[in-house]
Amino acid sequence: MKKIITKVFLIIAFLYSSIAFTQGINKVSLLNELNKTYGVTLNADEQSNFENANNTLVSELFALEEKNLSKENRDKQIDKLFDKRDKALTSSLGINKYSDIKSQTGSKTAETVQKVKASKMTP
């Protein structure tokens, strides 16, 4: 009986720690993830534009969190903010450079969008 209780307690503790870990995203970790170019080289101006677009996105995401929207509306707004970032990057970097970045970061960005949708953002 003692072994069963111990196993159940350990499973509950593991599940709780996993849930607690995924429930919060902070600005620094989100910016670090978004600012990765995965091998695409950018000149100083392009890097600055890339980081500014990501800073704007993160600021808007955290402002969105304060609005207490329903899950469905929140997810739609998150998608719109990432689309807005994509448009800003296309215009500031040019279609060719943005395509290079998109090809390298597309899957990671999609994962990040899913993490943002599933998580609570904490300052």
# chains A, B, ... in the order shown; residues from 1 in each chain; ligands from 1
call {"tool": "residues_around", "arguments": {"residues": "Asn54 (chain A)", "least_positions_apart": "4", "cutoff": "10 Å", "atoms": "only C-alpha atoms", "output": "list of chain:residue names"}}
result
A:Leu30, A:Leu31, A:Asn32, A:Glu33, A:Leu34, A:Asn35, A:Ser48, A:Asn49, A:Phe50, A:Val58, A:Ser59, A:Glu60, A:Phe82, A:Arg85, A:Asp86, A:Ala88, A:Leu89
call {"tool": "write_last_selection", "arguments": {"atoms": "N, CA and C atoms", "output": "PDB file, in the first residue's frame"}}
result
ATOM      1  N   LEU A  30      10.937  34.486 -24.467  1.00  0.00           N
ATOM      2  CA  LEU A  30      10.217  34.602 -25.732  1.00  0.00           C
ATOM      3  C   LEU A  30      11.033  35.407 -26.749  1.00  0.00           C
ATOM      4  N   LEU A  31      11.616  36.506 -26.310  1.00  0.00           N
ATOM      5  CA  LEU A  31      12.457  37.304 -27.213  1.00  0.00           C
ATOM      6  C   LEU A  31      13.682  36.520 -27.675  1.00  0.00           C
ATOM      7  N   ASN A  32      14.299  35.804 -26.761  1.00  0.00           N
ATOM      8  CA  ASN A  32      15.466  35.002 -27.139  1.00  0.00           C
ATOM      9  C   ASN A  32      15.104  33.990 -28.219  1.00  0.00           C
ATOM     10  N   GLU A  33      13.964  33.365 -28.068  1.00  0.00           N
ATOM     11  CA  GLU A  33      13.530  32.369 -29.056  1.00  0.00           C
ATOM     12  C   GLU A  33      13.218  33.030 -30.403  1.00  0.00           C
ATOM     13  N   LEU A  34      12.510  34.144 -30.373  1.00  0.00           N
ATOM     14  CA  LEU A  34      12.124  34.816 -31.617  1.00  0.00           C
ATOM     15  C   LEU A  34      13.309  35.451 -32.340  1.00  0.00           C
ATOM     16  N   ASN A  35      14.330  35.864 -31.620  1.00  0.00           N
ATOM     17  CA  ASN A  35      15.468  36.550 -32.231  1.00  0.00           C
ATOM     18  C   ASN A  35      16.491  35.594 -32.858  1.00  0.00           C
ATOM     19  N   SER A  48      18.695  44.777 -36.640  1.00  0.00           N
ATOM     20  CA  SER A  48      17.947  45.753 -35.848  1.00  0.00           C
ATOM     21  C   SER A  48      16.458  45.710 -36.183  1.00  0.00           C
ATOM     22  N   ASN A  49      16.129  45.663 -37.462  1.00  0.00           N
ATOM     23  CA  ASN A  49      14.722  45.566 -37.883  1.00  0.00           C
ATOM     24  C   ASN A  49      14.079  44.272 -37.393  1.00  0.00           C
ATOM     25  N   PHE A  50      14.828  43.185 -37.461  1.00  0.00           N
ATOM     26  CA  PHE A  50      14.344  41.883 -37.010  1.00  0.00           C
ATOM     27  C   PHE A  50      14.035  41.920 -35.510  1.00  0.00           C
ATOM     28  N   VAL A  58       6.303  40.974 -28.976  1.00  0.00           N
ATOM     29  CA  VAL A  58       6.267  40.540 -27.579  1.00  0.00           C
ATOM     30  C   VAL A  58       5.503  41.555 -26.726  1.00  0.00           C
ATOM     31  N   SER A  59       5.726  42.829 -26.966  1.00  0.00           N
ATOM     32  CA  SER A  59       4.992  43.858 -26.217  1.00  0.00           C
ATOM     33  C   SER A  59       3.488  43.740 -26.452  1.00  0.00           C
ATOM     34  N   GLU A  60       3.114  43.527 -27.701  1.00  0.00           N
ATOM     35  CA  GLU A  60       1.689  43.396 -28.027  1.00  0.00           C
ATOM     36  C   GLU A  60       1.101  42.113 -27.460  1.00  0.00           C
ATOM     37  N   PHE A  82       1.197  37.629 -34.929  1.00  0.00           N
ATOM     38  CA  PHE A  82       2.311  36.984 -35.632  1.00  0.00           C
ATOM     39  C   PHE A  82       2.261  37.298 -37.124  1.00  0.00           C
ATOM     40  N   ARG A  85       3.653  40.727 -37.548  1.00  0.00           N
ATOM     41  CA  ARG A  85       5.118  40.670 -37.470  1.00  0.00           C
ATOM     42  C   ARG A  85       5.696  40.211 -38.800  1.00  0.00           C
ATOM     43  N   ASP A  86       5.079  39.185 -39.399  1.00  0.00           N
ATOM     44  CA  ASP A  86       5.558  38.683 -40.693  1.00  0.00           C
ATOM     45  C   ASP A  86       5.508  39.770 -41.760  1.00  0.00           C
ATOM     46  N   ALA A  88       5.580  43.035 -41.240  1.00  0.00           N
ATOM     47  CA  ALA A  88       6.591  44.045 -40.901  1.00  0.00           C
ATOM     48  C   ALA A  88       7.979  43.574 -41.332  1.00  0.00           C
ATOM     49  N   LEU A  89       8.265  42.304 -41.114  1.00  0.00           N
ATOM     50  CA  LEU A  89       9.570  41.770 -41.511  1.00  0.00           C
ATOM     51  C   LEU A  89       9.715  41.706 -43.020  1.00  0.00           C
TER      52      LEU A  89
END
call {"tool": "residues_around", "arguments": {"residues": "region 110-117 of chain A", "least_positions_apart": "4", "cutoff": "12 Å", "atoms": "only C-alpha atoms", "output": "PyMOL selection string"}}
result
chain A and resi 21-27+29-36+57-58+61-62+64-65+70-83+102-106+121-122
call {"tool": "atom_distance", "arguments": {"atom1": "CA of Lys97 (chain A)", "atom2": "CA of Thr41 (chain A)"}}
result
9.3 Å
call {"tool": "atom_distance", "arguments": {"atom1": "CA of Glu51 (chain A)", "atom2": "CA of Leu93 (chain A)"}}
result
11.5 Å
call {"tool": "select_by_dssp", "arguments": {"residues": "region 37-107 of chain A", "states": "helix (DSSP H, G or I)", "output": "MDAnalysis selection string"}}
result
chainID A and resid 44:65 71:93 95:107
call {"tool": "atom_distance", "arguments": {"atom1": "CA of Lys108 (chain A)", "atom2": "CA of Gly39 (chain A)"}}
result
13.3 Å
call {"tool": "select_by_dssp", "arguments": {"residues": "chain A", "states": "strand (DSSP E or B)", "output": "PyMOL selection string"}}
result
chain A and resi 24-26+120-122
